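Peer 1: Input structure: work38.csv, which contains CSV, C-alpha atoms.
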```
chain,number,residue,atom,x,y,z
A,10,MET,CA,0.0,0.0,0.0
A,11,GLU,CA,1.3,3.5,-0.8
A,12,ARG,CA,2.3,5.9,1.9
A,13,VAL,CA,1.1,9.5,2.2
A,14,ALA,CA,3.4,12.5,2.8
A,15,PRO,CA,2.7,14.1,6.1
A,16,GLU,CA,1.7,17.5,4.6
A,17,LYS,CA,-1.2,15.6,2.8
A,18,TRP,CA,-2.4,13.7,5.8
A,19,TYR,CA,-4.9,16.2,7.2
A,20,GLN,CA,-7.8,17.9,5.6
A,21,LEU,CA,-9.5,21.1,7.0
A,22,LYS,CA,-13.0,22.3,6.4
A,23,ARG,CA,-14.2,25.6,7.9
A,24,LEU,CA,-17.8,25.4,9.1
A,25,ALA,CA,-20.1,28.0,10.7
A,26,ASP,CA,-19.8,29.4,14.2
A,27,ASP,CA,-15.9,29.5,14.0
A,28,ILE,CA,-15.7,25.7,14.0
A,29,THR,CA,-13.3,23.8,11.8
A,30,LEU,CA,-13.3,20.1,11.0
A,31,ILE,CA,-9.9,18.5,10.9
A,32,SER,CA,-10.0,15.0,9.4
A,33,GLU,CA,-7.7,12.2,8.2
A,34,PRO,CA,-9.0,11.4,4.8
A,35,PHE,CA,-6.8,8.3,4.2
A,36,ILE,CA,-8.4,6.5,7.2
A,37,GLN,CA,-11.6,4.7,6.1
A,38,GLU,CA,-14.7,6.6,7.2
A,39,PHE,CA,-15.9,4.2,9.9
A,40,TYR,CA,-12.6,4.6,11.7
A,41,ARG,CA,-12.0,8.2,10.9
A,42,CYS,CA,-12.4,10.5,13.9
A,43,ASN,CA,-13.7,14.0,13.4
A,44,VAL,CA,-11.3,16.5,15.1
A,45,TRP,CA,-13.1,19.7,16.0
A,46,HIS,CA,-11.3,23.0,16.4
A,47,VAL,CA,-13.4,25.7,18.0
A,48,ARG,CA,-12.3,29.4,18.0
A,49,GLY,CA,-12.8,31.5,21.1
A,50,ARG,CA,-11.9,35.0,22.0
A,51,ASP,CA,-9.4,34.1,24.7
A,52,ARG,CA,-8.4,30.6,23.7
A,53,ASP,CA,-9.4,27.8,21.4
A,54,MET,CA,-10.7,24.3,22.0
A,55,LEU,CA,-9.7,21.1,20.3
A,56,VAL,CA,-12.2,18.2,20.7
A,57,ASP,CA,-10.3,15.0,20.1
A,58,SER,CA,-7.1,14.7,18.2
A,59,GLY,CA,-7.2,11.8,15.7
A,60,MET,CA,-5.0,8.7,15.6
A,61,GLY,CA,-1.7,10.4,16.2
A,62,VAL,CA,0.0,8.8,13.2
A,63,VAL,CA,1.0,12.3,11.9
A,64,SER,CA,1.7,15.3,14.2
A,65,LEU,CA,-1.2,17.7,14.5
A,66,ARG,CA,1.0,20.5,15.9
A,67,GLU,CA,3.6,20.2,13.1
A,68,TRP,CA,1.2,19.9,10.1
A,69,VAL,CA,-1.9,21.8,11.2
A,70,PRO,CA,-0.8,25.3,12.1
A,71,LEU,CA,-4.4,26.2,13.2
A,72,VAL,CA,-3.9,24.3,16.4
A,73,THR,CA,-0.8,26.2,17.5
A,74,GLU,CA,-1.9,29.8,16.8
A,75,ARG,CA,-3.3,30.5,20.2
A,76,ASP,CA,-3.8,29.0,23.7
A,77,LEU,CA,-5.8,25.8,23.4
A,78,ILE,CA,-7.6,23.3,25.6
A,79,ALA,CA,-7.5,19.7,24.1
A,80,VAL,CA,-10.6,17.9,25.2
A,81,ALA,CA,-11.1,14.2,24.9
A,82,SER,CA,-14.7,13.2,24.1
A,83,HIS,CA,-13.5,9.7,25.3
A,84,THR,CA,-10.3,7.7,25.1
A,85,HIS,CA,-10.5,5.3,22.2
A,86,PHE,CA,-7.3,5.3,20.0
A,87,ASP,CA,-8.9,7.2,17.1
A,88,HIS,CA,-9.7,10.2,19.3
A,89,ILE,CA,-6.7,10.8,21.5
A,90,GLY,CA,-3.6,10.0,19.4
A,91,CYS,CA,-2.2,13.5,19.4
A,92,HIS,CA,-3.3,14.6,22.9
A,93,HIS,CA,0.2,14.3,24.2
A,94,GLU,CA,1.2,17.2,21.9
A,95,PHE,CA,-0.9,19.7,23.9
A,96,GLN,CA,0.0,20.9,27.4
A,97,TYR,CA,-3.6,21.6,28.6
A,98,ARG,CA,-5.6,18.4,28.3
A,99,ALA,CA,-9.1,17.6,29.7
A,100,VAL,CA,-11.0,14.4,30.0
A,101,HIS,CA,-13.9,13.1,32.1
A,102,SER,CA,-12.9,11.6,35.4
A,103,ALA,CA,-14.2,8.1,34.4
A,104,GLU,CA,-11.5,7.9,31.7
A,105,ALA,CA,-8.7,10.0,33.2
A,106,ASP,CA,-6.7,6.8,34.0
A,107,LEU,CA,-7.0,5.6,30.4
A,108,LEU,CA,-5.7,8.9,29.0
A,109,ALA,CA,-2.7,8.8,31.5
A,110,ASN,CA,-2.0,5.1,30.9
A,111,PRO,CA,-3.2,4.0,27.5
A,112,THR,CA,-2.6,0.5,26.1
A,113,ARG,CA,-3.4,-1.2,22.9
A,114,ALA,CA,-6.2,-3.0,24.7
A,115,ASN,CA,-7.9,-0.2,26.7
A,116,THR,CA,-7.9,2.2,23.8
A,117,LEU,CA,-9.3,-0.4,21.4
A,118,ALA,CA,-6.2,-0.3,19.1
A,119,ASP,CA,-6.5,-4.0,19.5
A,120,PRO,CA,-8.2,-5.3,17.5
A,121,TYR,CA,-9.0,-2.4,15.2
A,122,VAL,CA,-5.7,-1.0,14.1
A,123,THR,CA,-4.5,-2.9,11.1
A,124,ASP,CA,-3.5,-1.8,7.6
A,125,ASP,CA,-7.0,-2.5,6.5
A,126,ILE,CA,-8.4,0.6,8.1
A,127,PHE,CA,-6.4,2.8,5.8
A,128,ASP,CA,-6.8,3.6,2.1
A,129,ALA,CA,-3.2,4.7,2.1
A,130,LEU,CA,-0.7,4.4,4.9
A,131,PRO,CA,0.8,7.1,7.1
A,132,PRO,CA,4.4,8.1,6.3
A,133,ALA,CA,7.2,5.9,7.5
A,134,PRO,CA,8.1,4.6,10.0
A,135,TYR,CA,4.5,4.0,10.9
A,136,CYS,CA,3.5,0.3,11.3
A,137,SER,CA,0.1,-0.9,12.5
A,138,GLU,CA,1.6,-3.7,14.6
A,139,CYS,CA,3.7,-1.1,16.5
A,140,TYR,CA,1.0,1.5,16.9
A,141,CYS,CA,0.2,2.7,20.4
A,142,VAL,CA,-1.2,5.8,21.9
A,143,ARG,CA,1.2,7.9,24.0
A,144,LYS,CA,0.5,8.9,27.6
A,145,ALA,CA,-1.2,12.2,28.1
A,146,PRO,CA,-2.2,12.8,31.7
A,147,ALA,CA,-5.0,15.4,32.0
A,148,ALA,CA,-4.5,18.9,33.4
A,149,ARG,CA,-8.2,19.2,34.0
A,150,ILE,CA,-10.6,16.5,35.1
A,151,LEU,CA,-14.2,17.1,33.8
A,152,GLU,CA,-17.5,16.2,35.4
A,153,ASP,CA,-21.1,16.6,34.2
A,154,GLY,CA,-22.2,20.2,34.2
A,155,ASP,CA,-18.7,21.7,34.1
A,156,ILE,CA,-18.2,24.7,31.8
A,157,ILE,CA,-15.4,25.1,29.3
A,158,ASP,CA,-15.0,28.9,28.9
A,159,LEU,CA,-13.3,30.2,25.8
A,160,GLY,CA,-13.9,33.9,26.7
A,161,ASP,CA,-16.8,34.8,24.5
A,162,ARG,CA,-18.4,31.4,24.4
A,163,THR,CA,-19.0,28.6,26.8
A,164,PHE,CA,-19.6,24.8,26.4
A,165,GLU,CA,-21.3,22.7,29.0
A,166,VAL,CA,-20.0,19.2,29.7
A,167,ILE,CA,-22.7,16.6,29.2
A,168,HIS,CA,-21.7,13.2,30.6
A,169,THR,CA,-22.9,10.6,28.1
A,170,PRO,CA,-21.8,7.2,29.3
A,171,GLY,CA,-22.8,4.1,27.2
A,172,HIS,CA,-20.3,3.9,24.4
A,173,SER,CA,-17.6,4.3,27.0
A,174,PRO,CA,-17.8,5.2,30.7
A,175,GLY,CA,-16.3,8.7,30.4
A,176,GLY,CA,-17.9,9.8,27.1
A,177,ILE,CA,-18.9,13.4,27.0
A,178,ALA,CA,-20.8,15.8,24.7
A,179,LEU,CA,-20.3,19.5,24.7
A,180,TRP,CA,-23.3,21.9,24.5
A,181,GLU,CA,-23.1,25.6,23.5
A,182,ALA,CA,-26.6,26.9,24.3
A,183,GLU,CA,-26.1,30.3,22.6
A,184,THR,CA,-25.6,28.8,19.2
A,185,GLU,CA,-27.5,25.6,19.9
A,186,THR,CA,-24.5,23.6,18.8
A,187,LEU,CA,-23.7,20.1,20.2
A,188,LEU,CA,-20.4,18.3,19.8
A,189,SER,CA,-21.7,14.8,20.5
A,190,GLY,CA,-18.6,12.6,20.5
A,191,ASP,CA,-19.3,8.9,19.8
A,192,ILE,CA,-22.6,8.5,21.8
A,193,LEU,CA,-24.4,9.7,18.6
A,194,TYR,CA,-23.4,10.4,15.0
A,195,ASP,CA,-25.1,9.7,11.7
A,196,GLY,CA,-23.7,6.3,11.1
A,197,PRO,CA,-23.5,2.8,12.7
A,198,LEU,CA,-23.2,3.3,16.5
A,199,ILE,CA,-20.8,1.1,18.6
A,200,GLU,CA,-22.7,-0.2,21.7
A,201,ASP,CA,-20.7,-3.4,22.4
A,202,THR,CA,-17.1,-2.5,23.1
A,203,TYR,CA,-15.4,-3.9,26.2
A,204,HIS,CA,-16.5,-1.1,28.4
A,205,SER,CA,-19.8,-0.1,26.8
A,206,ASN,CA,-23.0,-0.3,29.0
A,207,ALA,CA,-26.5,-0.7,27.5
A,208,ALA,CA,-28.3,0.8,30.5
A,209,ASP,CA,-26.1,3.9,30.4
A,210,TYR,CA,-26.4,4.2,26.7
A,211,LEU,CA,-30.2,4.2,27.0
A,212,ALA,CA,-30.1,6.9,29.7
A,213,SER,CA,-27.7,9.1,27.7
A,214,MET,CA,-29.9,8.9,24.6
A,215,ARG,CA,-33.0,9.9,26.6
A,216,ARG,CA,-31.1,12.8,28.1
A,217,LEU,CA,-29.8,13.9,24.7
A,218,LEU,CA,-33.3,14.0,23.3
A,219,THR,CA,-34.1,16.9,25.8
A,220,ILE,CA,-31.3,19.1,24.3
A,221,PRO,CA,-32.6,21.5,21.7
A,222,ALA,CA,-29.7,21.2,19.3
A,223,ARG,CA,-29.8,23.1,16.0
A,224,VAL,CA,-26.6,21.5,14.6
A,225,VAL,CA,-24.7,18.5,15.7
A,226,HIS,CA,-21.0,17.7,15.1
A,227,GLY,CA,-20.4,14.0,15.9
A,228,GLY,CA,-17.3,12.0,16.5
A,229,HIS,CA,-17.6,10.3,13.1
A,230,PHE,CA,-19.4,10.9,9.8
A,231,PRO,CA,-20.8,14.2,8.6
A,232,SER,CA,-22.5,16.9,10.8
A,233,PHE,CA,-26.3,17.0,10.8
A,234,SER,CA,-29.3,19.2,11.7
A,235,GLY,CA,-31.3,19.3,14.8
A,236,LYS,CA,-34.2,17.6,13.0
A,237,ARG,CA,-32.0,14.7,12.0
A,238,TYR,CA,-30.6,14.6,15.5
A,239,ARG,CA,-34.0,14.1,17.0
A,240,GLN,CA,-34.9,11.5,14.3
A,241,LEU,CA,-31.8,9.5,15.0
A,242,ILE,CA,-32.4,9.4,18.7
A,243,THR,CA,-36.1,8.6,18.4
A,244,ASP,CA,-35.5,5.8,15.9
A,245,TRP,CA,-32.8,4.4,18.2
A,246,LEU,CA,-35.1,4.5,21.2
A,247,ASN,CA,-37.9,3.0,19.3
A,248,ASP,CA,-35.7,0.2,18.1
A,249,LYS,CA,-34.7,-0.6,21.7
A,250,ARG,CA,-38.4,-0.7,22.7
A,251,MET,CA,-39.1,-3.2,20.0
A,252,GLN,CA,-36.2,-5.5,21.2
A,253,ILE,CA,-37.7,-5.7,24.7
```
Just give me the structure as structure tokens.
Peer 2:
Amino acid sequence: MERVAPEKWYQLKRLADDITLISEPFIQEFYRCNVWHVRGRDRDMLVDSGMGVVSLREWVPLVTERDLIAVASHTHFDHIGCHHEFQYRAVHSAEADLLANPTRANTLADPYVTDDIFDALPPAPYCSECYCVRKAPAARILEDGDIIDLGDRTFEVIHTPGHSPGGIALWEAETETLLSGDILYDGPLIEDTYHSNAADYLASMRRLLTIPARVVHGGHFPSFSGKRYRQLITDWLNDKRMQI
């Protein structure tokens, strides 16, 4: 398989509300994490950081222009690979130990990271068998209801366990924008990883349905409208009722 030069690894797409999507287009869509950069007056916020196979700080100047808080929506390999590159890191308390002590098993690099998840490989010396996430202890431990203040805009931490115990979404009430992580996106949801919990997932989805989102930026797949958001949750809940 061909390898990609580091300067071609990342793709940026500017969206409304001073939010930029940073993606890794050579990773297949199902495994490709959405990295969200949010511009604030006093500092910026990075939500997730991709696989870490190419340096974000070196090849995406946007993330080094100003002070920045790097938030982990949760600690699976595809979301925290470059967190070690940032000094001010934040994660929910339920997954703080995973961010500080990642392994191939507890980040799900095993069994998912193989050459098969790529359409083209990262630059040498990357190898899938050698891949691991680097330690990145958090500077801030997040809990449900905490506020991340960027100066002129604030995001509320919504604890959304189910996909993983420390999963979070981030809610900006003023713009009705939700950064939903992996609890909900417009694609196949993962509800059966080693630390998923069905009861927590159900409670999180019911809670999310009460949030009046206008636009949702998920952990994977394209962003979607509030109408689609409510449809996805309602369909999911109805499917669970039918299974009982």
Peer 1: Have a look at atom CA of A:Glu181 and atom CA of A:Ser232 and let me know their distance in Å, one decimal.
Peer 2: 15.4 Å
Peer 1: Find, counting all atoms listed in the file, the residue in A:His172, A:Ile220, A:Gln252, A:Leu187 that gets nearest to A:Ala208.
Peer 2: A:His172
Peer 1: Just to confirm, what's the straight-line distance from atom CA of A:Ile157 to atom CA of A:Trp45 in Å (one decimal)?
Peer 2: 14.5 Å
Peer 1: What's the 9 Å shell around stretch 164-171 of chain A, counting only C-alpha atoms, without same-chain residues fewer than 5 positions away, as number ranges by chain?
Peer 2: A: 101, 151-159, 176-182, 187, 189-190, 192, 200, 204-214, 216-217
Peer 1: Would you mind exporting the chosen residues as a PDB file, keeping the file's coordinate frame, restricted to C-alpha atoms?
Peer 2:
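Just written: result17.pdb:
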```pdb
ATOM      1  CA  HIS A 101     -13.900  13.100  32.100  1.00  0.00           C
ATOM      2  CA  LEU A 151     -14.200  17.100  33.800  1.00  0.00           C
ATOM      3  CA  GLU A 152     -17.500  16.200  35.400  1.00  0.00           C
ATOM      4  CA  ASP A 153     -21.100  16.600  34.200  1.00  0.00           C
ATOM      5  CA  GLY A 154     -22.200  20.200  34.200  1.00  0.00           C
ATOM      6  CA  ASP A 155     -18.700  21.700  34.100  1.00  0.00           C
ATOM      7  CA  ILE A 156     -18.200  24.700  31.800  1.00  0.00           C
ATOM      8  CA  ILE A 157     -15.400  25.100  29.300  1.00  0.00           C
ATOM      9  CA  ASP A 158     -15.000  28.900  28.900  1.00  0.00           C
ATOM     10  CA  LEU A 159     -13.300  30.200  25.800  1.00  0.00           C
ATOM     11  CA  GLY A 176     -17.900   9.800  27.100  1.00  0.00           C
ATOM     12  CA  ILE A 177     -18.900  13.400  27.000  1.00  0.00           C
ATOM     13  CA  ALA A 178     -20.800  15.800  24.700  1.00  0.00           C
ATOM     14  CA  LEU A 179     -20.300  19.500  24.700  1.00  0.00           C
ATOM     15  CA  TRP A 180     -23.300  21.900  24.500  1.00  0.00           C
ATOM     16  CA  GLU A 181     -23.100  25.600  23.500  1.00  0.00           C
ATOM     17  CA  ALA A 182     -26.600  26.900  24.300  1.00  0.00           C
ATOM     18  CA  LEU A 187     -23.700  20.100  20.200  1.00  0.00           C
ATOM     19  CA  SER A 189     -21.700  14.800  20.500  1.00  0.00           C
ATOM     20  CA  GLY A 190     -18.600  12.600  20.500  1.00  0.00           C
ATOM     21  CA  ILE A 192     -22.600   8.500  21.800  1.00  0.00           C
ATOM     22  CA  GLU A 200     -22.700  -0.200  21.700  1.00  0.00           C
ATOM     23  CA  HIS A 204     -16.500  -1.100  28.400  1.00  0.00           C
ATOM     24  CA  SER A 205     -19.800  -0.100  26.800  1.00  0.00           C
ATOM     25  CA  ASN A 206     -23.000  -0.300  29.000  1.00  0.00           C
ATOM     26  CA  ALA A 207     -26.500  -0.700  27.500  1.00  0.00           C
ATOM     27  CA  ALA A 208     -28.300   0.800  30.500  1.00  0.00           C
ATOM     28  CA  ASP A 209     -26.100   3.900  30.400  1.00  0.00           C
ATOM     29  CA  TYR A 210     -26.400   4.200  26.700  1.00  0.00           C
ATOM     30  CA  LEU A 211     -30.200   4.200  27.000  1.00  0.00           C
ATOM     31  CA  ALA A 212     -30.100   6.900  29.700  1.00  0.00           C
ATOM     32  CA  SER A 213     -27.700   9.100  27.700  1.00  0.00           C
ATOM     33  CA  MET A 214     -29.900   8.900  24.600  1.00  0.00           C
ATOM     34  CA  ARG A 216     -31.100  12.800  28.100  1.00  0.00           C
ATOM     35  CA  LEU A 217     -29.800  13.900  24.700  1.00  0.00           C
TER      36      LEU A 217
END
```
Peer 1: Between atom CA of A:Lys249 and atom CA of A:Arg215, measure the distance and give it in Å to one decimal.
Peer 2: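 For atom CA of A:Lys249 relative to atom CA of A:Arg215, the distance reads 11.7 Å.
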Peer 1: Kindly reconstruct stretch 123-135 of chain A with N, CA and C atoms and present the result as an mmCIF file, in the frame of the given file.
Peer 2:
```
data_model
loop_
_atom_site.group_PDB
_atom_site.id
_atom_site.type_symbol
_atom_site.label_atom_id
_atom_site.label_comp_id
_atom_site.auth_asym_id
_atom_site.auth_seq_id
_atom_site.Cartn_x
_atom_site.Cartn_y
_atom_site.Cartn_z
ATOM 1 N N THR A 123 -5.228 -2.072 12.064
ATOM 2 C CA THR A 123 -4.500 -2.900 11.100
ATOM 3 C C THR A 123 -4.367 -2.037 9.827
ATOM 4 N N ASP A 124 -3.601 -2.507 8.879
ATOM 5 C CA ASP A 124 -3.500 -1.800 7.600
ATOM 6 C C ASP A 124 -4.806 -1.655 6.902
ATOM 7 N N ASP A 125 -5.752 -2.521 7.225
ATOM 8 C CA ASP A 125 -7.000 -2.500 6.500
ATOM 9 C C ASP A 125 -7.893 -1.320 6.784
ATOM 10 N N ILE A 126 -7.613 -0.561 7.851
ATOM 11 C CA ILE A 126 -8.400 0.600 8.100
ATOM 12 C C ILE A 126 -7.995 1.832 7.318
ATOM 13 N N PHE A 127 -6.902 1.696 6.563
ATOM 14 C CA PHE A 127 -6.400 2.800 5.800
ATOM 15 C C PHE A 127 -6.628 2.584 4.276
ATOM 16 N N ASP A 128 -6.851 3.671 3.564
ATOM 17 C CA ASP A 128 -6.800 3.600 2.100
ATOM 18 C C ASP A 128 -5.418 3.906 1.584
ATOM 19 N N ALA A 129 -4.611 4.570 2.375
ATOM 20 C CA ALA A 129 -3.200 4.700 2.100
ATOM 21 C C ALA A 129 -2.530 4.903 3.496
ATOM 22 N N LEU A 130 -1.319 4.393 3.632
ATOM 23 C CA LEU A 130 -0.700 4.400 4.900
ATOM 24 C C LEU A 130 -0.053 5.695 5.320
ATOM 25 N N PRO A 131 0.055 5.958 6.618
ATOM 26 C CA PRO A 131 0.800 7.100 7.100
ATOM 27 C C PRO A 131 2.264 7.042 6.647
ATOM 28 N N PRO A 132 2.981 8.158 6.724
ATOM 29 C CA PRO A 132 4.400 8.100 6.300
ATOM 30 C C PRO A 132 5.216 7.213 7.231
ATOM 31 N N ALA A 133 6.306 6.692 6.688
ATOM 32 C CA ALA A 133 7.200 5.900 7.500
ATOM 33 C C ALA A 133 7.775 6.687 8.630
ATOM 34 N N PRO A 134 8.033 6.040 9.761
ATOM 35 C CA PRO A 134 8.100 4.600 10.000
ATOM 36 C C PRO A 134 6.879 3.953 10.544
ATOM 37 N N TYR A 135 5.704 4.525 10.310
ATOM 38 C CA TYR A 135 4.500 4.000 10.900
ATOM 39 C C TYR A 135 4.335 2.476 10.523
#
```
